[in-house]
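Source file final-v9.cif; content: mmCIF, C-alpha atoms.
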```
data_coords
#
loop_
_atom_site.label_atom_id
_atom_site.label_comp_id
_atom_site.auth_asym_id
_atom_site.auth_seq_id
_atom_site.Cartn_x
_atom_site.Cartn_y
_atom_site.Cartn_z
CA MET A 1 -26.12 23.62 11.66
CA ILE A 2 -25.46 26.08 8.90
CA ASP A 3 -22.53 26.63 6.60
CA ILE A 4 -22.05 29.92 4.88
CA ASN A 5 -19.09 30.14 2.56
CA THR A 6 -18.42 33.84 2.64
CA ASP A 7 -15.07 35.50 2.31
CA ILE A 8 -13.66 38.56 3.98
CA GLY A 9 -13.86 41.48 1.60
CA GLU A 10 -17.15 40.62 -0.10
CA ARG A 11 -19.00 43.32 1.79
CA PRO A 12 -18.44 47.08 2.03
CA ALA A 13 -15.59 47.89 4.39
CA VAL A 14 -17.56 50.51 6.31
CA ARG A 15 -19.54 48.85 9.07
CA THR A 16 -20.37 49.82 12.64
CA ARG A 17 -19.04 47.73 15.51
CA ALA A 18 -22.61 46.90 16.57
CA ARG A 19 -23.27 44.80 13.48
CA PRO A 20 -21.01 41.79 14.16
CA VAL A 21 -22.28 41.60 17.75
CA ARG A 22 -25.92 41.80 16.65
CA ASP A 23 -25.36 39.16 13.95
CA GLY A 24 -23.60 36.85 16.38
CA VAL A 25 -26.16 37.19 19.18
CA ALA A 26 -29.10 36.69 16.80
CA LEU A 27 -27.64 33.58 15.18
CA GLY A 28 -26.45 32.27 18.55
CA LEU A 29 -29.91 32.57 20.08
CA ALA A 30 -31.69 31.10 17.06
CA VAL A 31 -29.45 28.08 16.67
CA GLY A 32 -28.50 27.68 20.34
CA THR A 33 -32.09 26.96 21.35
CA SER A 34 -31.99 23.78 19.28
CA GLY A 35 -29.95 22.39 22.17
CA ILE A 36 -33.37 21.47 23.50
CA ALA A 37 -33.75 19.06 20.57
CA PHE A 38 -30.31 17.62 21.26
CA GLY A 39 -30.96 17.18 24.99
CA ALA A 40 -34.25 15.43 24.28
CA ALA A 41 -32.73 13.23 21.54
CA ALA A 42 -29.75 12.30 23.74
CA VAL A 43 -31.85 11.18 26.69
CA GLY A 44 -34.34 9.55 24.31
CA SER A 45 -31.49 7.51 22.83
CA GLY A 46 -30.49 6.15 26.23
CA MET A 47 -27.88 8.66 27.41
CA SER A 48 -28.07 10.16 30.90
CA VAL A 49 -28.70 13.87 31.50
CA ALA A 50 -25.05 14.19 32.60
CA GLN A 51 -23.76 12.59 29.40
CA ALA A 52 -25.89 14.93 27.28
CA CYS A 53 -24.56 17.95 29.22
CA VAL A 54 -20.91 16.82 29.06
CA LEU A 55 -21.21 16.54 25.27
CA SER A 56 -22.68 20.04 24.96
CA LEU A 57 -20.15 21.57 27.39
CA PHE A 58 -17.01 19.94 26.05
CA ALA A 59 -17.64 18.57 22.54
CA PHE A 60 -19.77 21.62 21.66
CA THR A 61 -20.39 20.81 18.01
CA GLY A 62 -23.97 19.96 17.14
CA ALA A 63 -23.66 17.53 14.24
CA SER A 64 -21.15 15.33 16.08
CA GLN A 65 -23.31 15.31 19.17
CA PHE A 66 -26.40 14.28 17.20
CA ALA A 67 -24.34 11.61 15.43
CA LEU A 68 -23.25 9.99 18.68
CA THR A 69 -26.85 10.14 19.89
CA GLY A 70 -27.90 8.27 16.75
CA ALA A 71 -25.29 5.56 17.36
CA VAL A 72 -26.42 5.13 20.97
CA ALA A 73 -30.07 4.99 19.88
CA THR A 74 -29.46 2.16 17.40
CA GLY A 75 -27.76 0.19 20.18
CA GLY A 76 -24.12 -0.85 20.12
CA GLY A 77 -21.63 0.41 17.56
CA LEU A 78 -20.33 2.91 20.13
CA ILE A 79 -16.76 2.89 18.80
CA GLY A 80 -18.03 3.36 15.26
CA GLY A 81 -20.44 5.97 16.60
CA ALA A 82 -17.66 7.94 18.30
CA ALA A 83 -15.48 7.63 15.18
CA GLY A 84 -18.32 8.92 13.02
CA ALA A 85 -18.96 11.80 15.44
CA ILE A 86 -15.27 12.76 15.40
CA LEU A 87 -15.07 12.51 11.61
CA LEU A 88 -18.04 14.86 11.41
CA GLY A 89 -16.05 17.24 13.62
CA SER A 90 -13.23 17.24 11.08
CA ARG A 91 -14.87 20.11 9.25
CA ASN A 92 -14.15 22.25 12.32
CA ALA A 93 -10.43 21.64 11.67
CA LEU A 94 -10.95 22.94 8.15
CA TYR A 95 -12.83 25.97 9.49
CA GLY A 96 -9.93 26.55 11.88
CA LEU A 97 -7.51 26.80 8.97
CA ARG A 98 -9.43 29.79 7.67
CA LEU A 99 -10.30 31.32 11.08
CA ALA A 100 -6.65 31.32 12.21
CA GLU A 101 -5.80 33.74 9.41
CA VAL A 102 -8.52 36.17 10.51
CA LEU A 103 -8.51 35.83 14.32
CA GLN A 104 -4.75 35.20 14.76
CA PRO A 105 -5.10 33.77 18.28
CA ARG A 106 -1.91 33.48 20.35
CA GLY A 107 -0.75 31.46 23.36
CA ALA A 108 -3.34 30.25 25.85
CA ARG A 109 -6.05 32.20 24.06
CA THR A 110 -5.74 29.71 21.19
CA LEU A 111 -7.01 26.95 23.51
CA VAL A 112 -10.21 28.89 24.26
CA THR A 113 -10.69 30.07 20.68
CA ALA A 114 -10.39 26.47 19.46
CA HIS A 115 -13.44 25.42 21.49
CA GLY A 116 -15.54 28.00 19.67
CA VAL A 117 -14.65 26.85 16.14
CA ILE A 118 -18.02 25.63 14.81
CA ASP A 119 -20.33 26.25 11.84
CA GLU A 120 -22.06 29.35 13.23
CA THR A 121 -19.00 31.18 14.57
CA THR A 122 -17.23 30.53 11.26
CA ALA A 123 -20.19 31.88 9.29
CA VAL A 124 -20.41 35.12 11.29
CA THR A 125 -16.63 35.67 11.54
CA LEU A 126 -15.96 35.22 7.83
CA ALA A 127 -18.88 37.49 6.92
CA GLN A 128 -17.27 40.53 8.60
CA PRO A 129 -15.45 43.22 6.60
CA ASP A 130 -12.31 43.52 8.73
CA ALA A 131 -10.29 41.71 11.40
CA ALA A 132 -11.60 43.75 14.34
CA ALA A 133 -15.23 43.13 13.38
CA ALA A 134 -14.41 39.49 12.75
CA ARG A 135 -13.04 39.08 16.30
CA LEU A 136 -16.11 40.79 17.77
CA GLY A 137 -18.42 38.61 15.70
CA PHE A 138 -16.60 35.45 16.72
CA ARG A 139 -16.78 36.29 20.43
CA ALA A 140 -20.43 37.37 20.33
CA THR A 141 -21.50 34.23 18.47
CA PHE A 142 -19.38 31.88 20.58
CA ALA A 143 -20.58 33.33 23.91
CA THR A 144 -24.26 33.45 22.94
CA ILE A 145 -24.46 30.03 21.39
CA TYR A 146 -22.36 28.39 24.13
CA VAL A 147 -24.61 29.63 26.93
CA THR A 148 -27.85 29.02 25.03
CA TRP A 149 -26.87 25.59 23.69
CA ASN A 150 -25.85 24.33 27.13
CA LEU A 151 -28.87 25.70 28.99
CA THR A 152 -31.32 24.30 26.45
CA THR A 153 -29.48 20.95 26.36
CA LEU A 154 -30.14 20.65 30.09
CA LEU A 155 -33.79 21.65 29.67
CA GLY A 156 -34.31 19.19 26.80
CA ALA A 157 -32.55 16.39 28.64
CA ILE A 158 -34.60 16.87 31.80
CA GLY A 159 -37.87 17.41 29.92
CA ALA A 160 -37.53 14.44 27.58
CA GLY A 161 -38.10 11.77 30.21
CA ARG A 162 -41.18 13.52 31.61
CA LEU A 163 -42.97 14.10 28.35
CA GLY A 164 -43.34 10.54 27.08
CA SER A 165 -41.48 7.97 24.96
CA PRO A 166 -39.09 9.32 22.31
CA GLN A 167 -41.02 7.53 19.57
CA SER A 168 -44.36 9.03 20.61
CA LEU A 169 -42.77 12.51 20.49
CA GLY A 170 -41.21 11.92 17.09
CA ILE A 171 -37.73 12.47 18.51
CA ASP A 172 -36.32 9.79 16.20
CA VAL A 173 -36.93 12.23 13.33
CA VAL A 174 -35.08 15.12 15.01
CA GLY A 175 -31.60 13.92 13.96
CA PRO A 176 -32.37 13.34 10.26
CA ALA A 177 -34.41 16.57 10.04
CA ALA A 178 -31.62 18.58 11.71
CA PHE A 179 -28.93 17.18 9.41
CA LEU A 180 -31.05 17.79 6.33
CA ALA A 181 -31.65 21.39 7.43
CA LEU A 182 -27.90 21.85 7.98
CA ILE A 183 -26.89 20.75 4.49
CA TRP A 184 -29.92 22.24 2.73
CA PRO A 185 -28.15 25.51 1.73
CA GLN A 186 -25.27 23.52 0.18
CA LEU A 187 -27.62 21.12 -1.62
CA ARG A 188 -29.21 24.18 -3.23
CA ALA A 189 -25.78 25.61 -4.04
CA GLY A 190 -24.83 23.34 -6.94
CA ARG A 191 -25.16 20.12 -8.90
CA ALA A 192 -21.90 18.68 -7.55
CA GLU A 193 -23.11 19.26 -3.97
CA ARG A 194 -26.37 17.41 -4.66
CA ALA A 195 -24.51 14.56 -6.35
CA VAL A 196 -22.13 14.23 -3.39
CA GLY A 197 -25.06 14.28 -0.94
CA LEU A 198 -26.97 11.60 -2.86
CA ALA A 199 -23.84 9.48 -3.30
CA GLY A 200 -23.00 9.79 0.41
CA ALA A 201 -26.51 8.67 1.37
CA ALA A 202 -26.44 5.78 -1.13
CA ILE A 203 -22.99 4.57 -0.01
CA ALA A 204 -24.04 4.60 3.64
CA LEU A 205 -27.29 2.71 3.00
CA ALA A 206 -25.58 0.16 0.74
CA ALA A 207 -22.90 -0.50 3.39
CA THR A 208 -25.29 -0.65 6.37
CA PRO A 209 -26.09 -4.41 6.19
CA PHE A 210 -22.40 -5.32 5.94
CA LEU A 211 -20.58 -3.02 8.39
CA PRO A 212 -20.94 -2.09 12.08
CA ALA A 213 -23.15 0.94 12.87
CA GLY A 214 -21.30 4.23 12.37
CA VAL A 215 -18.80 2.90 9.82
CA PRO A 216 -21.11 3.33 6.78
CA VAL A 217 -21.34 7.05 7.56
CA ILE A 218 -17.53 7.36 7.63
CA LEU A 219 -17.38 5.48 4.32
CA ALA A 220 -19.62 8.19 2.84
CA ALA A 221 -16.63 10.57 2.98
CA THR A 222 -15.39 8.81 -0.18
CA ALA A 223 -18.24 10.59 -2.00
CA ALA A 224 -16.68 13.92 -0.97
CA LEU A 225 -13.25 12.70 -2.10
CA ALA A 226 -14.65 11.67 -5.49
CA GLY A 227 -16.51 14.97 -5.76
CA ALA A 228 -13.34 16.96 -5.01
CA LEU A 229 -11.37 15.04 -7.66
CA VAL A 230 -14.07 15.27 -10.33
CA SER A 231 -15.23 18.81 -9.61
CA PRO A 232 -12.41 20.74 -7.91
CA ARG A 233 -14.25 24.03 -8.26
CA PRO A 234 -17.83 24.94 -7.32
CA GLY A 235 -19.93 24.38 -10.44
CA PRO A 236 -23.28 25.60 -11.77
CA ALA A 237 -26.47 25.07 -9.82
CA MET B 1 -23.74 3.03 30.55
CA THR B 2 -19.94 2.77 31.00
CA GLY B 3 -19.63 2.16 27.27
CA ILE B 4 -21.61 5.29 26.56
CA TRP B 5 -19.36 7.34 28.88
CA VAL B 6 -16.28 6.06 27.01
CA ALA B 7 -17.88 7.02 23.69
CA VAL B 8 -18.83 10.46 25.09
CA LEU B 9 -15.31 11.19 26.40
CA VAL B 10 -13.61 9.91 23.23
CA THR B 11 -15.93 12.12 21.16
CA VAL B 12 -15.22 15.14 23.39
CA ALA B 13 -11.43 14.65 23.14
CA GLY B 14 -11.51 14.01 19.39
CA CYS B 15 -13.75 16.97 18.59
CA TYR B 16 -11.63 19.39 20.63
CA ALA B 17 -8.38 18.06 19.14
CA LEU B 18 -9.74 18.65 15.62
CA LYS B 19 -10.85 22.21 16.43
CA LEU B 20 -7.39 22.97 17.85
CA THR B 21 -5.56 21.30 14.96
CA GLY B 22 -7.15 23.63 12.43
CA LEU B 23 -5.95 26.69 14.35
CA ILE B 24 -2.35 25.56 14.80
CA VAL B 25 -1.42 23.75 11.56
CA PRO B 26 0.82 25.63 9.12
CA ARG B 27 -0.91 27.96 6.70
CA GLY B 28 -1.23 27.11 3.05
CA VAL B 29 -2.88 23.70 3.40
CA LEU B 30 -6.01 25.10 1.78
CA ASP B 31 -4.09 26.55 -1.17
CA ASN B 32 -4.69 23.31 -3.05
CA PRO B 33 -8.14 23.71 -4.67
CA ARG B 34 -8.88 19.97 -4.34
CA VAL B 35 -8.17 20.03 -0.58
CA ARG B 36 -10.36 23.09 -0.20
CA ARG B 37 -13.15 21.46 -2.23
CA PHE B 38 -12.89 18.27 -0.18
CA ALA B 39 -13.26 20.41 2.95
CA GLU B 40 -16.45 21.91 1.55
CA LEU B 41 -17.93 18.58 0.43
CA VAL B 42 -17.14 16.42 3.49
CA PRO B 43 -19.98 17.78 5.68
CA ILE B 44 -22.46 17.35 2.82
CA ALA B 45 -21.53 13.69 2.25
CA LEU B 46 -21.48 12.80 5.95
CA LEU B 47 -24.65 14.62 6.94
CA ALA B 48 -26.56 13.24 3.94
CA ALA B 49 -25.36 9.76 4.95
CA LEU B 50 -26.62 10.36 8.48
CA VAL B 51 -30.02 11.49 7.19
CA ALA B 52 -30.31 8.27 5.17
CA VAL B 53 -29.03 5.92 7.88
CA GLN B 54 -31.10 7.43 10.69
CA THR B 55 -34.20 7.34 8.50
CA PHE B 56 -33.89 3.85 7.01
CA ALA B 57 -31.54 1.80 9.23
CA ALA B 58 -32.40 -0.17 12.35
CA GLY B 59 -29.05 -1.47 13.53
CA GLN B 60 -27.62 -3.33 10.55
CA SER B 61 -30.90 -3.92 8.75
CA LEU B 62 -32.79 -1.51 6.50
CA SER B 63 -36.46 -0.80 7.15
CA VAL B 64 -39.14 1.79 6.42
CA ASP B 65 -40.94 3.47 9.33
CA PRO B 66 -43.89 5.34 7.71
CA ALA B 67 -44.20 7.93 10.51
CA ARG B 68 -40.47 8.70 10.43
CA LEU B 69 -40.50 8.97 6.63
CA ALA B 70 -43.51 11.31 6.80
CA GLY B 71 -41.68 13.41 9.39
CA LEU B 72 -38.69 13.75 7.10
CA GLY B 73 -41.04 14.63 4.22
CA ALA B 74 -42.55 17.37 6.38
CA ALA B 75 -39.01 18.66 7.08
CA VAL B 76 -38.37 18.86 3.32
CA ALA B 77 -41.63 20.79 2.87
CA ALA B 78 -40.66 23.19 5.67
CA LEU B 79 -37.22 23.69 4.10
CA LEU B 80 -38.78 24.39 0.71
CA VAL B 81 -40.76 27.29 2.22
CA ARG B 82 -37.53 28.49 3.92
CA ALA B 83 -38.64 27.81 7.49
CA PRO B 84 -36.02 28.46 10.24
CA PHE B 85 -33.96 25.56 11.61
CA LEU B 86 -35.97 25.06 14.79
CA VAL B 87 -39.31 25.20 12.92
CA VAL B 88 -38.09 22.48 10.54
CA ILE B 89 -37.28 20.22 13.47
CA VAL B 90 -40.55 20.89 15.30
CA VAL B 91 -42.60 20.27 12.12
CA ALA B 92 -40.74 17.00 11.44
CA ALA B 93 -41.07 15.63 14.98
CA GLY B 94 -44.66 16.89 15.26
CA THR B 95 -45.68 15.13 12.05
CA ALA B 96 -44.22 11.79 13.13
CA ALA B 97 -45.66 12.16 16.64
CA GLY B 98 -49.09 13.16 15.28
CA LEU B 99 -49.29 10.22 12.87
CA ARG B 100 -48.31 7.80 15.65
CA ALA B 101 -50.84 9.33 18.07
CA LEU B 102 -53.56 8.91 15.44
CA GLY B 103 -52.43 5.35 14.84
CA VAL B 104 -52.25 5.84 11.09
CA ALA B 105 -48.52 5.20 10.82
#
```
Now that the file is in, can you turn its structure into structure tokens?
Amino acid sequence: MIDINTDIGERPAVRTRARPVRDGVALGLAVGTSGIAFGAAAVGSGMSVAQACVLSLFAFTGASQFALTGAVATGGGLIGGAAGAILLGSRNALYGLRLAEVLQPRGARTLVTAHGVIDETTAVTLAQPDAAAARLGFRATFATIYVTWNLTTLLGAIGAGRLGSPQSLGIDVVGPAAFLALIWPQLRAGRAERAVGLAGAAIALAATPFLPAGVPVILAATAALAGALVSPRPGPA
Amino acid sequence: MTGIWVAVLVTVAGCYALKLTGLIVPRGVLDNPRVRRFAELVPIALLAALVAVQTFAAGQSLSVDPARLAGLGAAVAALLVRAPFLVVIVVAAGTAAGLRALGVA
């Protein structure tokens, strides 16, 4: 979905309590409805409606879910597909590092907070001027997107089979288009980002004929490693 | 179908474990600028790889599907005019579906 690298303190400190809630609900509704695309893609790939819903309820991280759908669609490579999906989820661990400082969850609440650590909640939370607004923003985004994403996943999953074949609906393009839209802001952000994106794509394509499905995508992480070593700080666009 | 369930449950467990890990690991891991930069670049590399693989790969062989490629091109055009996420997806799928319905790709 979207990544916004904003830091606490970049905006004026005076802000009403309505703002984080409004931001969170708006983003949650806008992005959550794309669950319909996931539900349709999942069932189109060969998953059952239940499998699509379990992923949205309990994995609850769009890119990983789409990735597993892609692995199922290409047939086989399920272990590699799951590994690729989990590796994609690793960015949520990195988001968590930063969110923990702001949200400071304790005890059992940490277990619930963890489930909501995704691109959108991170974007809204880190855009708030203070800790109280950040907590409000996190909850509003999490609640809105969780409900919307799961309801629309069910709708998409049920609707997909009744509308026609996945190919005739162009559902095979949904995954690539969604991923491209998700990284688009970063690709515009700088030369290093574009180089890493191109290198990741090239590595994966070059490795595809030689490795099981899913593994080439994991291998693409080496492009990020190289990028971090060569360009440790964000560079010019 | 059983294989898919295993993959689904492994993905669910792995994704949740990663989310939780980030919240409970000791602070200061991101103090290293290279670690922080790697964290920023990983999604770009992986998602770009997925775009390429899902566009050009059929299993372990590479191929070009004109309708799919046109759909992705339409997504790029939509992104260039700053269309919202859902519009980008609808335009991409609609383009591929339209070309296939017309039998031109």
Check every residue of chain B for an atom within 6 Å of chain A, counting all atoms listed in the file, and provide those that qualify as a short mmCIF file (atom, residue, chain, number, x, y, z; two decimals) with C-alpha atoms, keeping the file's coordinate frame.
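After the write, out_25.cif holds the following:
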```
data_model
loop_
_atom_site.label_atom_id
_atom_site.label_comp_id
_atom_site.auth_asym_id
_atom_site.auth_seq_id
_atom_site.Cartn_x
_atom_site.Cartn_y
_atom_site.Cartn_z
CA ALA B 7 -17.88 7.02 23.69
CA THR B 11 -15.93 12.12 21.16
CA VAL B 12 -15.22 15.14 23.39
CA GLY B 14 -11.51 14.01 19.39
CA CYS B 15 -13.75 16.97 18.59
CA LEU B 18 -9.74 18.65 15.62
CA LYS B 19 -10.85 22.21 16.43
CA LEU B 20 -7.39 22.97 17.85
CA THR B 21 -5.56 21.30 14.96
CA GLY B 22 -7.15 23.63 12.43
CA LEU B 23 -5.95 26.69 14.35
CA ARG B 34 -8.88 19.97 -4.34
CA ARG B 37 -13.15 21.46 -2.23
CA PHE B 38 -12.89 18.27 -0.18
CA LEU B 41 -17.93 18.58 0.43
CA VAL B 42 -17.14 16.42 3.49
CA ILE B 44 -22.46 17.35 2.82
CA ALA B 45 -21.53 13.69 2.25
CA LEU B 46 -21.48 12.80 5.95
CA LEU B 47 -24.65 14.62 6.94
CA ALA B 48 -26.56 13.24 3.94
CA ALA B 49 -25.36 9.76 4.95
CA VAL B 51 -30.02 11.49 7.19
CA ALA B 52 -30.31 8.27 5.17
CA GLY B 59 -29.05 -1.47 13.53
CA GLN B 60 -27.62 -3.33 10.55
CA SER B 61 -30.90 -3.92 8.75
CA ARG B 68 -40.47 8.70 10.43
CA LEU B 72 -38.69 13.75 7.10
CA ALA B 75 -39.01 18.66 7.08
CA ILE B 89 -37.28 20.22 13.47
CA ALA B 93 -41.07 15.63 14.98
CA ALA B 96 -44.22 11.79 13.13
CA ALA B 97 -45.66 12.16 16.64
#
```
For A:Tyr146: contacts at 8 Å, all atoms listed in the file, fewer than 2 positions along chain excluded, given as number ranges by chain
A: 28, 32, 57, 60, 142-144, 148-150
Quick one: residues within 9 Å of B:Leu99, all atoms listed in the file counted, chain neighbours fewer than 6 positions away excluded, as a PDB file with C-alpha atoms, in the coordinates of the input?
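Resulting contents of result.pdb:
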```pdb
ATOM      1  CA  PRO B  66     -43.890   5.340   7.710  1.00  0.00           C
ATOM      2  CA  ALA B  67     -44.200   7.930  10.510  1.00  0.00           C
ATOM      3  CA  ALA B  70     -43.510  11.310   6.800  1.00  0.00           C
ATOM      4  CA  GLY B  71     -41.680  13.410   9.390  1.00  0.00           C
ATOM      5  CA  ALA B 105     -48.520   5.200  10.820  1.00  0.00           C
TER       6      ALA B 105
END
```
Provide the atom CA of B:Gln54 to atom CA of B:Leu69 distance in Å, to one decimal place.
10.4 Å
Would you compute the distance between atom CA of A:Pro20 and atom CA of A:Gly62? Give it in Å to one decimal.
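Spanning atom CA of A:Pro20 to atom CA of A:Gly62 is a straight-line distance of 22.2 Å.
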List the residues selected by the PyMOL selection byres ((chain A and resi 125) around 9) in the file shown, writing them as a ChimeraX atom specification.
/A:8,20,24,99,102-103,120-124,126-128,131,133-139,141
File dump, residues just selected, C-alpha atoms, as a compact mmCIF listing (two decimals), keeping the file's coordinate frame:
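The new file result_10.txt reads:
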```
# COMPACT_ATOMS: atom_id res chain seq x y z
CA ILE A 8 -13.66 38.56 3.98
CA PRO A 20 -21.01 41.79 14.16
CA GLY A 24 -23.60 36.85 16.38
CA LEU A 99 -10.30 31.32 11.08
CA VAL A 102 -8.52 36.17 10.51
CA LEU A 103 -8.51 35.83 14.32
CA GLU A 120 -22.06 29.35 13.23
CA THR A 121 -19.00 31.18 14.57
CA THR A 122 -17.23 30.53 11.26
CA ALA A 123 -20.19 31.88 9.29
CA VAL A 124 -20.41 35.12 11.29
CA LEU A 126 -15.96 35.22 7.83
CA ALA A 127 -18.88 37.49 6.92
CA GLN A 128 -17.27 40.53 8.60
CA ALA A 131 -10.29 41.71 11.40
CA ALA A 133 -15.23 43.13 13.38
CA ALA A 134 -14.41 39.49 12.75
CA ARG A 135 -13.04 39.08 16.30
CA LEU A 136 -16.11 40.79 17.77
CA GLY A 137 -18.42 38.61 15.70
CA PHE A 138 -16.60 35.45 16.72
CA ARG A 139 -16.78 36.29 20.43
CA THR A 141 -21.50 34.23 18.47
```
What box, with edges along x, y and z, holds each listed atom of stretch 64-78 of chain A when 3 Å is added on every side, and can you state its centre and edge lengths in Å to one decimal, as lines of an AutoDock Vina configuration file?
```
center_x = -25.2
center_y = 7.2
center_z = 18.2
size_x = 15.7
size_y = 22.2
size_z = 11.5
```
So how far away is atom CA of A:Arg188 from atom CA of B:Ala83, in Å?
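Calculated distance between atom CA of B:Ala83 and atom CA of A:Arg188 is 14.7 Å.
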Among listed residues B:Leu50, B:Leu30, B:Ala92, B:Val10, nearest B:Ala77 (using all atoms listed in the file):
B:Ala92
Anything within 8 Å of (-40.7, 24.6, 7.9): list those residues as a list in words, counting only C-alpha atoms and sticking to the file's coordinates.
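In the file's frame, the residues around the point are Ala74, Ala75, Val76, Ala77, Ala78, Leu79, Leu80, Val81, Arg82, Ala83, Pro84, Phe85, Val87, Val88, Ile89 and Val91 of chain B.
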Residue subset to file, keeping C-alpha atoms, as an mmCIF file, in the frame of the given file:
```cif
data_model
loop_
_atom_site.group_PDB
_atom_site.id
_atom_site.type_symbol
_atom_site.label_atom_id
_atom_site.label_comp_id
_atom_site.auth_asym_id
_atom_site.auth_seq_id
_atom_site.Cartn_x
_atom_site.Cartn_y
_atom_site.Cartn_z
ATOM 1 C CA ALA B 74 -42.550 17.370 6.380
ATOM 2 C CA ALA B 75 -39.010 18.660 7.080
ATOM 3 C CA VAL B 76 -38.370 18.860 3.320
ATOM 4 C CA ALA B 77 -41.630 20.790 2.870
ATOM 5 C CA ALA B 78 -40.660 23.190 5.670
ATOM 6 C CA LEU B 79 -37.220 23.690 4.100
ATOM 7 C CA LEU B 80 -38.780 24.390 0.710
ATOM 8 C CA VAL B 81 -40.760 27.290 2.220
ATOM 9 C CA ARG B 82 -37.530 28.490 3.920
ATOM 10 C CA ALA B 83 -38.640 27.810 7.490
ATOM 11 C CA PRO B 84 -36.020 28.460 10.240
ATOM 12 C CA PHE B 85 -33.960 25.560 11.610
ATOM 13 C CA VAL B 87 -39.310 25.200 12.920
ATOM 14 C CA VAL B 88 -38.090 22.480 10.540
ATOM 15 C CA ILE B 89 -37.280 20.220 13.470
ATOM 16 C CA VAL B 91 -42.600 20.270 12.120
#
```
